[in-house]
file model_36.txt (compact mmCIF, C-alpha atoms and all ligand atoms)
# COMPACT_ATOMS: atom_id res chain seq x y z
CA MET A 1 18.13 99.84 63.25
CA LEU A 2 16.54 102.44 65.54
CA GLU A 3 17.50 102.61 69.18
CA ILE A 4 16.07 105.18 71.51
CA ASP A 5 17.24 105.18 75.10
CA GLY A 6 15.89 107.30 77.92
CA LEU A 7 14.67 110.13 75.72
CA SER A 8 13.26 113.14 77.55
CA ILE A 9 11.85 116.23 75.88
CA ASP A 10 11.15 119.51 77.66
CA PHE A 11 9.43 122.69 76.57
CA MET A 12 11.85 125.41 77.55
CA ASP A 13 9.64 128.45 77.05
CA VAL A 14 7.89 128.07 80.38
CA GLU A 15 9.33 128.26 83.87
CA PRO A 16 10.00 125.65 85.11
CA PRO A 17 10.45 123.77 81.81
CA LEU A 18 7.55 121.47 80.96
CA ARG A 19 8.50 117.84 80.50
CA VAL A 20 6.36 116.33 77.72
CA VAL A 21 8.26 113.09 77.15
CA GLU A 22 10.09 111.29 79.94
CA ASP A 23 12.55 108.44 79.67
CA PHE A 24 11.21 107.01 76.42
CA SER A 25 12.99 103.93 75.09
CA LEU A 26 12.39 101.88 71.98
CA ARG A 27 14.27 99.42 69.86
CA MET A 28 13.28 98.62 66.30
CA GLU A 29 14.71 95.94 64.07
CA PRO A 30 14.88 96.52 60.29
CA GLY A 31 11.50 95.96 58.68
CA GLU A 32 9.60 95.87 61.95
CA ILE A 33 6.32 97.71 62.54
CA VAL A 34 6.28 99.12 66.05
CA GLY A 35 3.41 101.10 67.50
CA VAL A 36 3.23 103.95 69.94
CA VAL A 37 -0.21 104.39 71.44
CA GLY A 38 -1.67 106.82 73.95
CA GLU A 39 -4.41 109.38 74.32
CA SER A 40 -4.13 112.82 72.82
CA GLY A 41 -1.46 114.86 74.59
CA SER A 42 0.60 111.88 75.72
CA GLY A 43 3.72 112.93 73.85
CA LYS A 44 3.53 110.77 70.72
CA THR A 45 3.99 113.53 68.18
CA MET A 46 6.84 115.10 70.12
CA THR A 47 8.57 111.71 70.12
CA ALA A 48 8.00 111.36 66.37
CA LEU A 49 9.35 114.84 65.68
CA ALA A 50 12.43 114.05 67.77
CA VAL A 51 13.11 110.93 65.66
CA MET A 52 12.96 113.06 62.53
CA GLY A 53 15.04 115.91 63.93
CA LEU A 54 12.11 118.26 63.56
CA LEU A 55 11.52 119.51 67.09
CA LYS A 56 11.00 123.24 67.28
CA ARG A 57 13.56 125.21 69.19
CA ARG A 58 11.37 125.65 72.23
CA ALA A 59 11.25 121.90 72.69
CA ARG A 60 14.56 120.45 73.71
CA ILE A 61 15.87 116.94 74.14
CA THR A 62 17.22 117.09 77.65
CA SER A 63 18.44 113.55 78.01
CA GLY A 64 18.72 110.27 76.17
CA ARG A 65 20.25 108.76 73.10
CA MET A 66 18.94 108.04 69.60
CA LEU A 67 20.85 105.80 67.23
CA PHE A 68 19.78 105.08 63.68
CA GLN A 69 21.77 102.41 61.88
CA GLY A 70 24.35 102.88 64.59
CA LYS A 71 24.61 106.65 63.98
CA ASP A 72 23.97 109.15 66.74
CA LEU A 73 20.98 111.17 65.53
CA LEU A 74 21.47 113.78 68.23
CA ALA A 75 24.89 114.63 66.88
CA LEU A 76 23.75 115.30 63.29
CA SER A 77 24.16 118.80 61.89
CA GLN A 78 21.30 120.39 59.90
CA LYS A 79 23.12 119.47 56.74
CA GLU A 80 23.57 115.86 57.79
CA TRP A 81 19.89 115.74 58.72
CA GLU A 82 18.99 116.80 55.20
CA ALA A 83 20.74 113.73 53.85
CA VAL A 84 18.80 111.48 56.23
CA ARG A 85 15.35 113.02 56.41
CA GLY A 86 13.07 112.22 53.48
CA HIS A 87 15.62 109.71 52.28
CA LYS A 88 16.59 107.17 54.92
CA ILE A 89 13.87 108.22 57.32
CA SER A 90 10.63 109.44 55.83
CA MET A 91 7.35 110.41 57.36
CA ILE A 92 3.64 110.62 56.85
CA PHE A 93 1.18 112.57 58.92
CA GLN A 94 -2.45 112.63 59.87
CA GLU A 95 -3.60 115.26 57.44
CA PRO A 96 -1.99 114.97 54.04
CA MET A 97 -3.46 118.32 52.98
CA THR A 98 -1.14 120.09 55.39
CA SER A 99 1.94 118.13 54.33
CA LEU A 100 1.28 118.27 50.61
CA ASN A 101 2.11 121.52 48.88
CA PRO A 102 -1.13 122.91 47.37
CA VAL A 103 0.64 124.60 44.45
CA LEU A 104 2.76 121.65 43.34
CA THR A 105 1.52 118.80 41.17
CA ILE A 106 1.13 115.33 42.60
CA GLY A 107 3.86 114.03 40.31
CA GLY A 108 6.25 116.79 41.31
CA GLN A 109 5.76 116.04 45.00
CA MET A 110 6.11 112.33 44.62
CA GLU A 111 9.43 112.61 42.85
CA GLU A 112 10.97 115.01 45.36
CA SER A 113 13.05 112.46 47.20
CA LEU A 114 14.41 111.12 43.90
CA ARG A 115 15.26 114.65 42.76
CA LEU A 116 17.05 115.51 46.00
CA HIS A 117 18.77 112.25 46.78
CA THR A 118 19.46 110.42 43.53
CA ASP A 119 20.96 111.30 40.17
CA MET A 120 18.01 109.92 38.20
CA ASP A 121 17.08 112.07 35.23
CA ARG A 122 13.62 113.55 34.75
CA LYS A 123 12.37 110.75 32.54
CA GLU A 124 13.50 108.03 34.92
CA ARG A 125 11.96 109.85 37.88
CA ARG A 126 8.67 110.15 36.07
CA ARG A 127 8.74 106.47 35.26
CA ARG A 128 9.37 105.60 38.92
CA VAL A 129 6.59 107.94 40.09
CA LEU A 130 4.06 106.40 37.71
CA GLU A 131 5.09 102.95 38.85
CA MET A 132 4.81 103.96 42.52
CA MET A 133 1.36 105.47 41.89
CA GLY A 134 0.25 102.07 40.67
CA GLN A 135 1.77 100.37 43.70
CA VAL A 136 -0.05 102.59 46.16
CA GLY A 137 -3.32 101.97 44.36
CA LEU A 138 -3.73 105.25 42.52
CA ALA A 139 -5.64 104.69 39.29
CA GLN A 140 -4.81 106.49 36.05
CA PRO A 141 -1.31 107.60 37.08
CA GLU A 142 -0.65 109.46 33.82
CA LYS A 143 -3.66 111.66 34.41
CA LEU A 144 -3.00 112.10 38.11
CA TYR A 145 0.61 113.14 37.61
CA GLY A 146 -0.29 116.72 36.72
CA CYS A 147 -3.16 117.12 39.21
CA TYR A 148 -3.04 119.22 42.36
CA PRO A 149 -3.76 117.99 45.91
CA HIS A 150 -7.18 119.70 46.19
CA GLN A 151 -8.42 117.67 43.24
CA LEU A 152 -7.97 114.43 45.19
CA SER A 153 -9.96 112.79 47.98
CA GLY A 154 -8.45 112.40 51.46
CA GLY A 155 -7.74 108.71 50.89
CA MET A 156 -6.02 109.42 47.57
CA ARG A 157 -3.92 112.15 49.15
CA GLN A 158 -2.79 109.76 51.85
CA ARG A 159 -1.81 107.28 49.12
CA VAL A 160 0.21 110.06 47.48
CA MET A 161 1.94 110.76 50.80
CA ILE A 162 2.77 107.11 51.27
CA GLY A 163 4.11 106.87 47.73
CA ALA A 164 6.18 110.01 48.21
CA ALA A 165 7.52 108.70 51.52
CA LEU A 166 8.46 105.31 50.10
CA ILE A 167 9.76 106.17 46.65
CA GLY A 168 13.30 106.69 47.92
CA ARG A 169 13.13 103.29 49.69
CA PRO A 170 13.73 104.58 53.20
CA LYS A 171 14.73 102.20 55.97
CA LEU A 172 12.33 103.79 58.40
CA MET A 173 9.01 105.51 57.99
CA VAL A 174 7.49 107.47 60.85
CA ALA A 175 3.72 107.48 60.50
CA ASP A 176 1.99 109.84 62.92
CA GLU A 177 -1.75 109.05 63.01
CA PRO A 178 -1.73 108.35 59.27
CA THR A 179 -5.30 107.07 59.15
CA THR A 180 -6.98 109.16 61.84
CA ALA A 181 -8.46 111.67 59.39
CA LEU A 182 -9.94 108.95 57.16
CA ASP A 183 -13.23 107.12 57.40
CA VAL A 184 -13.12 103.52 58.53
CA THR A 185 -13.22 101.81 55.12
CA ILE A 186 -10.44 103.98 53.76
CA GLN A 187 -8.50 103.49 57.02
CA ALA A 188 -8.51 99.74 56.50
CA GLN A 189 -7.34 100.15 52.90
CA ILE A 190 -4.48 102.43 53.91
CA LEU A 191 -3.41 100.04 56.67
CA SER A 192 -3.24 97.11 54.30
CA LEU A 193 -1.35 99.25 51.82
CA LEU A 194 1.20 100.11 54.55
CA LYS A 195 1.57 96.44 55.42
CA GLU A 196 2.03 95.53 51.78
CA MET A 197 4.65 98.25 51.30
CA ASN A 198 6.39 97.09 54.47
CA ARG A 199 6.63 93.59 53.00
CA GLU A 200 7.60 94.79 49.55
CA TYR A 201 10.28 97.28 50.57
CA GLY A 202 11.22 96.06 54.04
CA THR A 203 10.66 99.56 55.38
CA GLY A 204 10.40 99.64 59.17
CA ILE A 205 7.42 101.65 60.36
CA LEU A 206 7.13 103.57 63.61
CA PHE A 207 3.37 103.73 63.72
CA ILE A 208 1.75 106.27 66.01
CA SER A 209 -1.91 106.20 66.89
CA HIS A 210 -4.33 106.97 69.69
CA ASP A 211 -6.34 103.95 68.55
CA LEU A 212 -5.41 100.48 69.78
CA ARG A 213 -7.56 98.87 67.10
CA VAL A 214 -5.39 100.40 64.43
CA ILE A 215 -2.23 99.40 66.30
CA ARG A 216 -3.51 95.85 66.55
CA ALA A 217 -4.17 95.74 62.83
CA ILE A 218 -0.63 96.59 61.83
CA CYS A 219 1.99 96.43 64.60
CA SER A 220 3.97 93.58 66.09
CA ARG A 221 5.04 95.45 69.21
CA VAL A 222 3.70 98.48 70.98
CA VAL A 223 4.76 101.11 73.49
CA VAL A 224 1.91 102.58 75.54
CA MET A 225 2.36 106.22 76.54
CA CYS A 226 0.46 108.24 79.09
CA GLN A 227 1.29 111.88 79.84
CA GLY A 228 4.80 111.57 78.52
CA GLN A 229 5.56 108.37 80.42
CA THR A 230 5.88 104.87 79.05
CA VAL A 231 3.44 102.77 81.00
CA GLU A 232 3.79 99.50 79.16
CA THR A 233 5.65 97.89 76.30
CA GLY A 234 5.51 94.45 74.70
CA SER A 235 4.12 92.45 71.83
CA VAL A 236 0.69 93.61 70.72
CA GLU A 237 -0.81 90.20 71.50
CA GLN A 238 0.59 90.19 74.98
CA VAL A 239 -0.36 93.77 75.77
CA LEU A 240 -3.92 93.21 74.55
CA ARG A 241 -4.40 89.89 76.30
CA THR A 242 -2.63 90.61 79.57
CA PRO A 243 -2.30 94.35 80.01
CA GLN A 244 -0.31 95.29 83.10
CA ALA A 245 -0.97 98.99 83.47
CA ASP A 246 -4.37 100.38 84.46
CA TYR A 247 -4.02 102.92 81.70
CA THR A 248 -3.66 100.18 79.08
CA LYS A 249 -6.72 98.42 80.49
CA LYS A 250 -8.62 101.64 80.10
CA LEU A 251 -7.53 101.97 76.47
CA ILE A 252 -8.61 98.39 75.79
CA ALA A 253 -11.94 98.94 77.49
CA ALA A 254 -12.51 101.90 75.19
CA ILE A 255 -12.34 99.72 72.09
CA PRO A 256 -15.95 99.32 71.00
CA ASP A 257 -17.23 95.75 71.02
CA ARG A 258 -13.86 94.58 72.21
CA GLY A 259 -14.97 91.12 73.30
CA ALA A 260 -16.05 90.06 69.84
CA ARG A 261 -12.98 91.60 68.31
CA LEU A 262 -10.56 89.95 70.66
CA ARG A 263 -12.18 86.58 70.06
CA GLY A 264 -11.93 87.22 66.35
CA GLY A 265 -8.19 87.68 66.69
CA ARG A 266 -6.18 90.02 64.50
CA LYS A 267 -8.39 90.42 61.52
CA GLY A 268 -7.69 93.95 60.48
CA LEU A 269 -9.88 96.69 61.83
CA ALA A 270 -13.27 95.11 62.05
N1 LIG B 1 3.94 124.34 71.44
C1 LIG B 1 3.72 123.75 72.63
N2 LIG B 1 3.95 124.42 73.78
C2 LIG B 1 3.73 123.82 74.98
N3 LIG B 1 3.31 122.56 75.12
C3 LIG B 1 3.05 121.85 74.01
C4 LIG B 1 3.25 122.39 72.69
N4 LIG B 1 2.93 121.43 71.78
C5 LIG B 1 2.57 120.36 72.50
N5 LIG B 1 2.65 120.59 73.83
C6 LIG B 1 2.34 119.67 74.92
O1 LIG B 1 3.13 118.52 74.76
C7 LIG B 1 2.42 117.38 75.17
C8 LIG B 1 2.58 116.28 74.17
O2 LIG B 1 2.02 116.69 72.94
P1 LIG B 1 1.99 115.72 71.67
O3 LIG B 1 3.29 115.04 71.52
O4 LIG B 1 1.53 116.55 70.52
O5 LIG B 1 0.88 114.66 72.08
P2 LIG B 1 0.16 113.55 71.19
O6 LIG B 1 0.78 113.53 69.84
O7 LIG B 1 0.35 112.28 71.96
O8 LIG B 1 -1.28 113.94 71.15
C9 LIG B 1 0.98 117.79 75.36
O9 LIG B 1 0.69 117.78 76.73
C10 LIG B 1 0.91 119.21 74.84
O10 LIG B 1 0.08 119.98 75.64
MG MG B 2 -0.08 113.77 67.96

call {"tool": "encode", "arguments": {"input": "model_36.txt", "output": "structure tokens"}}
result
Amino acid sequence: MLEIDGLSIDFMDVEPPLRVVEDFSLRMEPGEIVGVVGESGSGKTMTALAVMGLLKRRARITSGRMLFQGKDLLALSQKEWEAVRGHKISMIFQEPMTSLNPVLTIGGQMEESLRLHTDMDRKERRRRVLEMMGQVGLAQPEKLYGCYPHQLSGGMRQRVMIGAALIGRPKLMVADEPTTALDVTIQAQILSLLKEMNREYGTGILFISHDLRVIRAICSRVVVMCQGQTVETGSVEQVLRTPQADYTKKLIAAIPDRGARLRGGRKGLA
């Protein structure tokens, strides 16, 4: 479904250009949840932005290939991107307050993809939004529909983002640190919601996090990045049990109470 081969990204506004992602490769099957993990500054967000065609001009893809459902993403025009982004590929970010529009109602934002990409009428869109609100665990959908983002808690806003990202039934969702801003209990709830939605809709998730615990809770495979380079890739089990790269070992060592958690197997976050 998604194939990235040898992707490199350079910042062009410095001399010489600054390489922030080097030779990144990834293959995702439909419905798979694949993780990208690495410390802050390792190039995860730049990679995510590249997959969504959202790199700023200063950052340029200098080599590599990206295919989505067999289509060359690097050859898409702005217009073609608009038909893909938010529809076939959707995204959620760390801080929903910055991605939600403060002056638009929750309902209005959740129906956007239906308004732009389907011919559903207003009534049908509203019905779908209310249904989706229920699915992502938002209580009292009717009441919430007309609320504004600032009236919601961080966890509720992230549920809104997930609902908005999934309502058009995308094939791929890029989730860049979607739980990092949330406290641990809410994090666990959002992760299980993502897993449930993945099962329900078959949406593949490219899940980006600096936190291996979170990756372990949700991903089947993982790519480990360090300073723009891929240092390791494999199944989550394998990478956690027999890490090859020193950097990965360091990340594992940083997981608090890792011994108990590893013995406990993959039981969510705790
Ligand atoms: N606007 C920018 N100009 C120059 N360098 C940048 C800019 N934005 C990010 N970078 C650099 O790109 C690298 C990768 O950043 P990023 O992908 O955001 O990392 P991550 O998401 O893994 O924390 C970092 O080293 C960062 O310093
Ligand atoms: Mg980032």

call {"tool": "residues_around", "arguments": {"input": "model_36.txt", "residues": "segment 186-200 of chain A", "least_positions_apart": "5", "cutoff": "9 Å", "atoms": "all atoms listed in the file", "output": "ChimeraX atom specification"}}
result
/A:31-33,135-137,154-155,158-159,162,166,178-181,205,214,217-218,268-270

call {"tool": "residues_near_ligand", "arguments": {"input": "model_36.txt", "ligand": "ligand LIG 1 (chain B)", "cutoff": "7 Å", "atoms": "only C-alpha atoms and all ligand atoms", "output": "PyMOL selection string"}}
result
chain A and resi 11+20+38-47+227-228

call {"tool": "closest_residue", "arguments": {"input": "model_36.txt", "among": "A:Leu152, A:Met66, A:Ile106, A:Val37", "to": "ligand MG 2 (chain B)", "atoms": "only C-alpha atoms and all ligand atoms"}}
result
A:Val37

call {"tool": "residues_around", "arguments": {"input": "model_36.txt", "residues": "Val174 of chain A", "least_positions_apart": "3", "cutoff": "12 Å", "atoms": "all atoms listed in the file", "output": "PyMOL selection string"}}
result
chain A and resi 2+28+32-36+44-45+47-53+85-86+88-94+161-162+165-166+170-171+177-178+194+203-209

call {"tool": "residues_around", "arguments": {"input": "model_36.txt", "residues": "Asp10 of chain A", "least_positions_apart": "6", "cutoff": "7 Å", "atoms": "only C-alpha atoms", "output": "list in words"}}
result
Pro17, Leu18, Arg19, Val20, Ala59, Arg60, Ile61 and Thr62 of chain A

call {"tool": "atom_distance", "arguments": {"input": "model_36.txt", "atom1": "atom CA of Asp183 of chain A", "atom2": "atom CA of His210 of chain A"}}
result
15.2 Å

call {"tool": "atom_distance", "arguments": {"input": "model_36.txt", "atom1": "atom CA of Met120 of chain A", "atom2": "atom CA of Arg169 of chain A"}}
result
14.1 Å

call {"tool": "closest_residue", "arguments": {"input": "model_36.txt", "among": "A:Glu237, A:Glu95, A:Pro102, A:Cys219", "to": "ligand MG 2 (chain B)", "atoms": "all atoms listed in the file"}}
result
A:Glu95

call {"tool": "residues_around", "arguments": {"input": "model_36.txt", "residues": "segment 130-134 of chain A", "least_positions_apart": "2", "cutoff": "10 Å", "atoms": "only C-alpha atoms", "output": "PDB file with C-alpha atoms, in the coordinates of the input"}}
result
ATOM      1  CA  ILE A 106       1.130 115.330  42.600  1.00  0.00           C
ATOM      2  CA  GLY A 107       3.860 114.030  40.310  1.00  0.00           C
ATOM      3  CA  MET A 110       6.110 112.330  44.620  1.00  0.00           C
ATOM      4  CA  GLU A 111       9.430 112.610  42.850  1.00  0.00           C
ATOM      5  CA  GLU A 124      13.500 108.030  34.920  1.00  0.00           C
ATOM      6  CA  ARG A 125      11.960 109.850  37.880  1.00  0.00           C
ATOM      7  CA  ARG A 126       8.670 110.150  36.070  1.00  0.00           C
ATOM      8  CA  ARG A 127       8.740 106.470  35.260  1.00  0.00           C
ATOM      9  CA  ARG A 128       9.370 105.600  38.920  1.00  0.00           C
ATOM     10  CA  VAL A 136      -0.050 102.590  46.160  1.00  0.00           C
ATOM     11  CA  GLY A 137      -3.320 101.970  44.360  1.00  0.00           C
ATOM     12  CA  LEU A 138      -3.730 105.250  42.520  1.00  0.00           C
ATOM     13  CA  ALA A 139      -5.640 104.690  39.290  1.00  0.00           C
ATOM     14  CA  GLN A 140      -4.810 106.490  36.050  1.00  0.00           C
ATOM     15  CA  PRO A 141      -1.310 107.600  37.080  1.00  0.00           C
ATOM     16  CA  GLU A 142      -0.650 109.460  33.820  1.00  0.00           C
ATOM     17  CA  LYS A 143      -3.660 111.660  34.410  1.00  0.00           C
ATOM     18  CA  LEU A 144      -3.000 112.100  38.110  1.00  0.00           C
ATOM     19  CA  TYR A 145       0.610 113.140  37.610  1.00  0.00           C
ATOM     20  CA  ARG A 159      -1.810 107.280  49.120  1.00  0.00           C
ATOM     21  CA  VAL A 160       0.210 110.060  47.480  1.00  0.00           C
ATOM     22  CA  ILE A 162       2.770 107.110  51.270  1.00  0.00           C
ATOM     23  CA  GLY A 163       4.110 106.870  47.730  1.00  0.00           C
ATOM     24  CA  ALA A 164       6.180 110.010  48.210  1.00  0.00           C
ATOM     25  CA  LEU A 166       8.460 105.310  50.100  1.00  0.00           C
ATOM     26  CA  ILE A 167       9.760 106.170  46.650  1.00  0.00           C
TER      27      ILE A 167
END

call {"tool": "closest_residue", "arguments": {"input": "model_36.txt", "among": "A:Ala175, A:Leu73, A:Ile252, A:Val14", "to": "ligand MG 2 (chain B)", "atoms": "all atoms listed in the file"}}
result
A:Ala175

call {"tool": "residues_around", "arguments": {"input": "model_36.txt", "residues": "Val231 of chain A", "least_positions_apart": "5", "cutoff": "9 Å", "atoms": "all atoms listed in the file", "output": "list in words"}}
result
Val223, Val224, Met225, Cys226, Gln244, Ala245, Asp246, Tyr247 and Thr248 of chain A

call {"tool": "closest_residue", "arguments": {"input": "model_36.txt", "among": "A:Cys147, A:Ser8, A:Asp176, A:Thr118", "to": "ligand MG 2 (chain B)", "atoms": "only C-alpha atoms and all ligand atoms"}}
result
A:Asp176

call {"tool": "decode", "arguments": {"input": "model_36.txt", "residues": "segment 76-102 of chain A", "atoms": "N, CA and C atoms", "output": "PDB file, in the first residue's frame"}}
result
ATOM      1  N   LEU A  76       2.763  13.828  -7.862  1.00  0.00           N
ATOM      2  CA  LEU A  76       1.432  14.430  -7.768  1.00  0.00           C
ATOM      3  C   LEU A  76       1.503  15.960  -7.829  1.00  0.00           C
ATOM      4  N   SER A  77       0.570  16.557  -8.543  1.00  0.00           N
ATOM      5  CA  SER A  77       0.453  18.012  -8.551  1.00  0.00           C
ATOM      6  C   SER A  77      -0.269  18.441  -7.263  1.00  0.00           C
ATOM      7  N   GLN A  78      -0.257  19.729  -6.954  1.00  0.00           N
ATOM      8  CA  GLN A  78      -0.991  20.232  -5.781  1.00  0.00           C
ATOM      9  C   GLN A  78      -2.447  19.781  -5.825  1.00  0.00           C
ATOM     10  N   LYS A  79      -3.017  19.880  -7.004  1.00  0.00           N
ATOM     11  CA  LYS A  79      -4.420  19.536  -7.160  1.00  0.00           C
ATOM     12  C   LYS A  79      -4.667  18.043  -6.885  1.00  0.00           C
ATOM     13  N   GLU A  80      -3.773  17.235  -7.411  1.00  0.00           N
ATOM     14  CA  GLU A  80      -3.903  15.792  -7.173  1.00  0.00           C
ATOM     15  C   GLU A  80      -3.706  15.466  -5.686  1.00  0.00           C
ATOM     16  N   TRP A  81      -2.808  16.208  -5.055  1.00  0.00           N
ATOM     17  CA  TRP A  81      -2.606  16.015  -3.615  1.00  0.00           C
ATOM     18  C   TRP A  81      -3.894  16.292  -2.847  1.00  0.00           C
ATOM     19  N   GLU A  82      -4.614  17.315  -3.273  1.00  0.00           N
ATOM     20  CA  GLU A  82      -5.839  17.677  -2.567  1.00  0.00           C
ATOM     21  C   GLU A  82      -6.879  16.566  -2.607  1.00  0.00           C
ATOM     22  N   ALA A  83      -6.817  15.751  -3.648  1.00  0.00           N
ATOM     23  CA  ALA A  83      -7.751  14.630  -3.726  1.00  0.00           C
ATOM     24  C   ALA A  83      -7.306  13.461  -2.852  1.00  0.00           C
ATOM     25  N   VAL A  84      -6.039  13.444  -2.495  1.00  0.00           N
ATOM     26  CA  VAL A  84      -5.488  12.336  -1.703  1.00  0.00           C
ATOM     27  C   VAL A  84      -5.471  12.679  -0.210  1.00  0.00           C
ATOM     28  N   ARG A  85      -4.958  13.859   0.080  1.00  0.00           N
ATOM     29  CA  ARG A  85      -4.736  14.268   1.458  1.00  0.00           C
ATOM     30  C   ARG A  85      -6.070  14.552   2.167  1.00  0.00           C
ATOM     31  N   GLY A  86      -6.223  14.010   3.350  1.00  0.00           N
ATOM     32  CA  GLY A  86      -7.478  14.205   4.085  1.00  0.00           C
ATOM     33  C   GLY A  86      -8.556  13.243   3.628  1.00  0.00           C
ATOM     34  N   HIS A  87      -8.262  12.491   2.573  1.00  0.00           N
ATOM     35  CA  HIS A  87      -9.268  11.579   2.037  1.00  0.00           C
ATOM     36  C   HIS A  87      -8.718  10.163   2.036  1.00  0.00           C
ATOM     37  N   LYS A  88      -7.702   9.917   1.222  1.00  0.00           N
ATOM     38  CA  LYS A  88      -7.091   8.583   1.209  1.00  0.00           C
ATOM     39  C   LYS A  88      -5.992   8.468   2.249  1.00  0.00           C
ATOM     40  N   ILE A  89      -5.295   9.571   2.454  1.00  0.00           N
ATOM     41  CA  ILE A  89      -4.295   9.626   3.524  1.00  0.00           C
ATOM     42  C   ILE A  89      -4.726  10.745   4.466  1.00  0.00           C
ATOM     43  N   SER A  90      -4.905  10.411   5.732  1.00  0.00           N
ATOM     44  CA  SER A  90      -5.256  11.459   6.673  1.00  0.00           C
ATOM     45  C   SER A  90      -4.214  11.506   7.773  1.00  0.00           C
ATOM     46  N   MET A  91      -4.343  12.474   8.643  1.00  0.00           N
ATOM     47  CA  MET A  91      -3.274  12.623   9.635  1.00  0.00           C
ATOM     48  C   MET A  91      -3.799  13.136  10.958  1.00  0.00           C
ATOM     49  N   ILE A  92      -3.098  12.756  12.006  1.00  0.00           N
ATOM     50  CA  ILE A  92      -3.345  13.377  13.304  1.00  0.00           C
ATOM     51  C   ILE A  92      -2.000  13.743  13.919  1.00  0.00           C
ATOM     52  N   PHE A  93      -2.036  14.793  14.706  1.00  0.00           N
ATOM     53  CA  PHE A  93      -0.785  15.323  15.256  1.00  0.00           C
ATOM     54  C   PHE A  93      -0.802  15.303  16.773  1.00  0.00           C
ATOM     55  N   GLN A  94       0.350  15.702  17.303  1.00  0.00           N
ATOM     56  CA  GLN A  94       0.551  15.721  18.749  1.00  0.00           C
ATOM     57  C   GLN A  94      -0.452  16.625  19.463  1.00  0.00           C
ATOM     58  N   GLU A  95      -0.588  17.827  18.974  1.00  0.00           N
ATOM     59  CA  GLU A  95      -1.375  18.797  19.722  1.00  0.00           C
ATOM     60  C   GLU A  95      -2.625  19.171  18.932  1.00  0.00           C
ATOM     61  N   PRO A  96      -3.743  18.555  19.278  1.00  0.00           N
ATOM     62  CA  PRO A  96      -4.940  18.788  18.474  1.00  0.00           C
ATOM     63  C   PRO A  96      -5.385  20.245  18.471  1.00  0.00           C
ATOM     64  N   MET A  97      -4.975  21.010  19.495  1.00  0.00           N
ATOM     65  CA  MET A  97      -5.400  22.415  19.533  1.00  0.00           C
ATOM     66  C   MET A  97      -4.815  23.189  18.359  1.00  0.00           C
ATOM     67  N   THR A  98      -3.622  22.779  17.902  1.00  0.00           N
ATOM     68  CA  THR A  98      -3.039  23.503  16.784  1.00  0.00           C
ATOM     69  C   THR A  98      -3.580  23.004  15.441  1.00  0.00           C
ATOM     70  N   SER A  99      -4.132  21.803  15.405  1.00  0.00           N
ATOM     71  CA  SER A  99      -4.670  21.333  14.127  1.00  0.00           C
ATOM     72  C   SER A  99      -6.174  21.557  14.016  1.00  0.00           C
ATOM     73  N   LEU A 100      -6.833  21.757  15.163  1.00  0.00           N
ATOM     74  CA  LEU A 100      -8.255  22.085  15.087  1.00  0.00           C
ATOM     75  C   LEU A 100      -8.396  23.600  14.919  1.00  0.00           C
ATOM     76  N   ASN A 101      -9.383  23.985  14.154  1.00  0.00           N
ATOM     77  CA  ASN A 101      -9.629  25.414  13.954  1.00  0.00           C
ATOM     78  C   ASN A 101     -10.462  25.957  15.127  1.00  0.00           C
ATOM     79  N   PRO A 102      -9.912  26.949  15.864  1.00  0.00           N
ATOM     80  CA  PRO A 102     -10.590  27.414  17.082  1.00  0.00           C
ATOM     81  C   PRO A 102     -11.952  28.065  16.816  1.00  0.00           C
TER      82      PRO A 102
END
